Amino acid sequence: MHSINIIQPDDWHIHLRDDRALEITVALAEQSFARVLAMPNLVPPLTTVPSILSYRSRILASAKNAHFNPYFALYFTGELNANTLREAKHCPWILGVKWYPQGATTHSDWGIQDIHQHFEHLALMEELALPLLIHGEVTDSTIDIFDREARFIGNILNPLQQRFPKLPIVLEHITTRQAVDWVKSMPAHIAATITVHHLAFNRNHLLAGGLRPDYYCLPILKQQDHQQALQEAVMTSGQTHFFLGTDSAPHVQDKKYSACGCAGCFTSPIALALLAELFYEHKALSLLETFSSINGARFYQLPLNQQQVHLIQKEWMVPHHYTVDGLTFIPLLAGQTLSWQCQSIKGINHE
Ligand code: NCD
Ligand code: ZN
């Protein structure tokens, strides 16, 4: 039986939702991750530092592990102002500002339509070295959904980066070869998160042999060639630009499996197991730690975690659902068998 110990991973892009859902989302996140970066697309969105601090208290009230440490990004709306940006920079739990192009994804209605109207905020963020986290897709309905990320990079992101060359940027949940190549061509303060599902699956899993809503997320799963580009990116020794952000995005069963189902894959319970399986199959297990536990911490200038996780090759079945107080969430790969699991967490000392 194969096994590996790695520094405990962090999840730098997760949707914990709120209220009753926290009982499930926080419990699952803290089972695998020491730190998470929780996204601000609640209803209403998290647009101020006090709203984030209050959300943080609700999350910590649900946490059982005293070491679990949630971080946040502020939602970039038309109401954002310089004072809030300065306050955010001084808040130890806020790592950046999240820009959702309006209409790009779930709960992005409050997002920014034309970023050119907000250059003064980007200039201040550049001065403060406060990272801009981006959902990188154009929203023009005439652009094919599979092309929206590549178009965004060429038409919007690249000119933006040239205009604000020192602004730290995280291109979130990248899905294309174009994104990989662009990020690789950039200096160290430009990085990208990659999800487990975009590494493990492609659009055939969503569309071939039956339509499977569990695999529907935004940005949408792409062709196999793009999936391979993502795999090559994270399985290259010495790479520093790419790190794990699961984008685990649970939606209640009724909303996910409907005539107009919500976008989002609920991957928290399977993320580490599936990653270990994937890296093992590609004979790249030794590179898992860099992607899941080191690069993200380095980018955000945070210390490496002191605990280690023990991953072993041992089968288990993914639960069919998680239910709390009448809310049911179905995880990706529900009822299927995975061949790796996370067994224990132990303390280590990096000194
Ligand atoms: C996310 C959600 O449900 O909040 N959905 C998704 O498909 N990824 C939003 C997002 O990150 O785009
Ligand atoms: Zn997300």
# chains A, B, ... in the order shown; residues from 1 in each chain; ligands from 1
call {"tool": "closest_atom_pairs", "arguments": {"of": "segment 160-277 of chain A", "to": "segment 316-330 of chain A", "cutoff": "12 Å", "atoms": "only C-alpha atoms", "output": "Markdown table"}}
result
| residue | atom | partner | partner_atom | distance |
| --- | --- | --- | --- | --- |
| A:Pro213 | CA | A:Ile330 | CA | 10.7 |
| A:Asp214 | CA | A:Ile330 | CA | 8.1 |
| A:Tyr215 | CA | A:Ile330 | CA | 11.4 |
| A:Ser248 | CA | A:Phe329 | CA | 11.6 |
| A:Ala249 | CA | A:Phe329 | CA | 10.0 |
| A:Pro250 | CA | A:Phe329 | CA | 6.3 |
| A:His251 | CA | A:Phe329 | CA | 6.3 |
| A:Val252 | CA | A:Phe329 | CA | 5.1 |
| A:Gln253 | CA | A:Phe329 | CA | 5.5 |
| A:Asp254 | CA | A:Thr328 | CA | 8.5 |
| A:Lys255 | CA | A:Phe329 | CA | 9.9 |
| A:Lys256 | CA | A:Phe329 | CA | 8.8 |
| A:Tyr257 | CA | A:Ile330 | CA | 9.9 |
| A:Gly264 | CA | A:Ile330 | CA | 11.2 |
| A:Cys265 | CA | A:Ile330 | CA | 9.2 |
| A:Phe266 | CA | A:Ile330 | CA | 7.1 |
| A:Thr267 | CA | A:Ile330 | CA | 9.5 |
| A:Ser268 | CA | A:Ile330 | CA | 11.0 |
| A:Pro269 | CA | A:Val318 | CA | 7.7 |
| A:Ile270 | CA | A:Val318 | CA | 7.3 |
| A:Ala271 | CA | A:Val318 | CA | 11.1 |
| A:Ala273 | CA | A:Trp316 | CA | 9.6 |
| A:Leu274 | CA | A:Val318 | CA | 10.8 |
call {"tool": "write_last_selection", "arguments": {"atoms": "N, CA, C and O atoms", "output": "PDB file, in the first residue's frame"}}
result
ATOM      1  N   PRO A 213     -25.359  17.061 -14.186  1.00  0.00           N
ATOM      2  CA  PRO A 213     -25.313  18.379 -13.537  1.00  0.00           C
ATOM      3  C   PRO A 213     -24.230  18.504 -12.471  1.00  0.00           C
ATOM      4  O   PRO A 213     -23.739  19.608 -12.236  1.00  0.00           O
ATOM      5  N   ASP A 214     -23.844  17.397 -11.843  1.00  0.00           N
ATOM      6  CA  ASP A 214     -22.803  17.482 -10.797  1.00  0.00           C
ATOM      7  C   ASP A 214     -21.526  18.110 -11.330  1.00  0.00           C
ATOM      8  O   ASP A 214     -20.774  18.728 -10.584  1.00  0.00           O
ATOM      9  N   TYR A 215     -21.270  17.901 -12.629  1.00  0.00           N
ATOM     10  CA  TYR A 215     -20.015  18.380 -13.217  1.00  0.00           C
ATOM     11  C   TYR A 215     -20.159  19.783 -13.797  1.00  0.00           C
ATOM     12  O   TYR A 215     -19.224  20.304 -14.402  1.00  0.00           O
ATOM     13  N   SER A 248     -14.876  24.520  -4.274  1.00  0.00           N
ATOM     14  CA  SER A 248     -15.997  23.688  -3.830  1.00  0.00           C
ATOM     15  C   SER A 248     -17.198  24.608  -3.625  1.00  0.00           C
ATOM     16  O   SER A 248     -17.122  25.576  -2.868  1.00  0.00           O
ATOM     17  N   ALA A 249     -18.289  24.320  -4.344  1.00  0.00           N
ATOM     18  CA  ALA A 249     -19.423  25.257  -4.391  1.00  0.00           C
ATOM     19  C   ALA A 249     -20.740  24.503  -4.277  1.00  0.00           C
ATOM     20  O   ALA A 249     -21.410  24.244  -5.276  1.00  0.00           O
ATOM     21  N   PRO A 250     -21.098  24.116  -3.038  1.00  0.00           N
ATOM     22  CA  PRO A 250     -22.324  23.339  -2.867  1.00  0.00           C
ATOM     23  C   PRO A 250     -23.581  24.154  -3.154  1.00  0.00           C
ATOM     24  O   PRO A 250     -23.637  25.348  -2.839  1.00  0.00           O
ATOM     25  N   HIS A 251     -24.540  23.502  -3.773  1.00  0.00           N
ATOM     26  CA  HIS A 251     -25.878  24.094  -3.955  1.00  0.00           C
ATOM     27  C   HIS A 251     -26.876  23.070  -3.441  1.00  0.00           C
ATOM     28  O   HIS A 251     -26.661  21.865  -3.626  1.00  0.00           O
ATOM     29  N   VAL A 252     -27.970  23.535  -2.836  1.00  0.00           N
ATOM     30  CA  VAL A 252     -28.939  22.564  -2.322  1.00  0.00           C
ATOM     31  C   VAL A 252     -29.484  21.739  -3.490  1.00  0.00           C
ATOM     32  O   VAL A 252     -29.587  22.217  -4.617  1.00  0.00           O
ATOM     33  N   GLN A 253     -29.813  20.505  -3.167  1.00  0.00           N
ATOM     34  CA  GLN A 253     -30.188  19.506  -4.174  1.00  0.00           C
ATOM     35  C   GLN A 253     -31.221  20.026  -5.180  1.00  0.00           C
ATOM     36  O   GLN A 253     -31.049  19.870  -6.394  1.00  0.00           O
ATOM     37  N   ASP A 254     -32.278  20.678  -4.684  1.00  0.00           N
ATOM     38  CA  ASP A 254     -33.357  21.138  -5.579  1.00  0.00           C
ATOM     39  C   ASP A 254     -32.865  22.156  -6.599  1.00  0.00           C
ATOM     40  O   ASP A 254     -33.330  22.208  -7.728  1.00  0.00           O
ATOM     41  N   LYS A 255     -31.923  22.992  -6.181  1.00  0.00           N
ATOM     42  CA  LYS A 255     -31.439  24.049  -7.086  1.00  0.00           C
ATOM     43  C   LYS A 255     -30.422  23.503  -8.082  1.00  0.00           C
ATOM     44  O   LYS A 255     -30.295  24.001  -9.194  1.00  0.00           O
ATOM     45  N   LYS A 256     -29.700  22.471  -7.660  1.00  0.00           N
ATOM     46  CA  LYS A 256     -28.641  21.914  -8.519  1.00  0.00           C
ATOM     47  C   LYS A 256     -29.249  21.013  -9.599  1.00  0.00           C
ATOM     48  O   LYS A 256     -28.793  21.010 -10.738  1.00  0.00           O
ATOM     49  N   TYR A 257     -30.268  20.253  -9.211  1.00  0.00           N
ATOM     50  CA  TYR A 257     -30.871  19.294 -10.151  1.00  0.00           C
ATOM     51  C   TYR A 257     -32.235  19.820 -10.567  1.00  0.00           C
ATOM     52  O   TYR A 257     -33.261  19.330 -10.105  1.00  0.00           O
ATOM     53  N   GLY A 264     -21.676  24.916 -10.060  1.00  0.00           N
ATOM     54  CA  GLY A 264     -20.840  24.719  -8.878  1.00  0.00           C
ATOM     55  C   GLY A 264     -20.695  23.242  -8.577  1.00  0.00           C
ATOM     56  O   GLY A 264     -21.683  22.510  -8.581  1.00  0.00           O
ATOM     57  N   CYS A 265     -19.459  22.791  -8.352  1.00  0.00           N
ATOM     58  CA  CYS A 265     -19.200  21.395  -7.987  1.00  0.00           C
ATOM     59  C   CYS A 265     -18.848  21.345  -6.505  1.00  0.00           C
ATOM     60  O   CYS A 265     -17.963  22.079  -6.056  1.00  0.00           O
ATOM     61  N   PHE A 266     -19.509  20.459  -5.792  1.00  0.00           N
ATOM     62  CA  PHE A 266     -19.266  20.325  -4.347  1.00  0.00           C
ATOM     63  C   PHE A 266     -18.166  19.282  -4.149  1.00  0.00           C
ATOM     64  O   PHE A 266     -18.429  18.072  -4.186  1.00  0.00           O
ATOM     65  N   THR A 267     -16.940  19.758  -3.966  1.00  0.00           N
ATOM     66  CA  THR A 267     -15.796  18.836  -3.972  1.00  0.00           C
ATOM     67  C   THR A 267     -15.030  18.742  -2.651  1.00  0.00           C
ATOM     68  O   THR A 267     -14.084  17.961  -2.556  1.00  0.00           O
ATOM     69  N   SER A 268     -15.436  19.528  -1.646  1.00  0.00           N
ATOM     70  CA  SER A 268     -14.676  19.493  -0.387  1.00  0.00           C
ATOM     71  C   SER A 268     -14.404  18.081   0.131  1.00  0.00           C
ATOM     72  O   SER A 268     -13.271  17.780   0.514  1.00  0.00           O
ATOM     73  N   PRO A 269     -15.428  17.190   0.152  1.00  0.00           N
ATOM     74  CA  PRO A 269     -15.161  15.876   0.757  1.00  0.00           C
ATOM     75  C   PRO A 269     -14.217  14.993  -0.046  1.00  0.00           C
ATOM     76  O   PRO A 269     -13.654  14.053   0.501  1.00  0.00           O
ATOM     77  N   ILE A 270     -14.047  15.285  -1.332  1.00  0.00           N
ATOM     78  CA  ILE A 270     -13.234  14.387  -2.173  1.00  0.00           C
ATOM     79  C   ILE A 270     -11.919  15.020  -2.619  1.00  0.00           C
ATOM     80  O   ILE A 270     -11.090  14.346  -3.227  1.00  0.00           O
ATOM     81  N   ALA A 271     -11.747  16.305  -2.332  1.00  0.00           N
ATOM     82  CA  ALA A 271     -10.658  17.053  -2.979  1.00  0.00           C
ATOM     83  C   ALA A 271      -9.276  16.409  -2.770  1.00  0.00           C
ATOM     84  O   ALA A 271      -8.575  16.115  -3.741  1.00  0.00           O
ATOM     85  N   ALA A 273      -8.419  13.419  -1.606  1.00  0.00           N
ATOM     86  CA  ALA A 273      -8.345  12.030  -2.060  1.00  0.00           C
ATOM     87  C   ALA A 273      -8.176  11.974  -3.581  1.00  0.00           C
ATOM     88  O   ALA A 273      -7.321  11.245  -4.107  1.00  0.00           O
ATOM     89  N   LEU A 274      -8.975  12.768  -4.279  1.00  0.00           N
ATOM     90  CA  LEU A 274      -8.915  12.754  -5.734  1.00  0.00           C
ATOM     91  C   LEU A 274      -7.585  13.321  -6.241  1.00  0.00           C
ATOM     92  O   LEU A 274      -7.014  12.831  -7.217  1.00  0.00           O
TER      93      LEU A 274
END
call {"tool": "select_by_dssp", "arguments": {"residues": "segment 106-174 of chain A", "states": "alpha helix (DSSP H)", "output": "list in words"}}
result
Phe119, Glu120, His121, Leu122, Ala123, Leu124, Met125, Glu126, Glu127, Leu128, Arg148, Glu149, Ala150, Arg151, Phe152, Asn158, Pro159, Leu160, Gln161, Gln162 and Arg163 of chain A
call {"tool": "atom_distance", "arguments": {"atom1": "atom CA of Ala263 of chain A", "atom2": "atom CA of Phe68 of chain A"}}
result
27.1 Å
call {"tool": "residues_around", "arguments": {"residues": "segment 87-103 of chain A", "least_positions_apart": "3", "cutoff": "8 Å", "atoms": "only C-alpha atoms", "output": "ChimeraX atom specification"}}
result
/A:39-40,49,70-77,83-84,106-114,128,130-139,300
call {"tool": "closest_residue", "arguments": {"among": "A:Pro168, A:Gly210, A:Pro187, A:Gly261", "to": "ligand 1", "atoms": "only C-alpha atoms and all ligand atoms"}}
result
A:Gly261
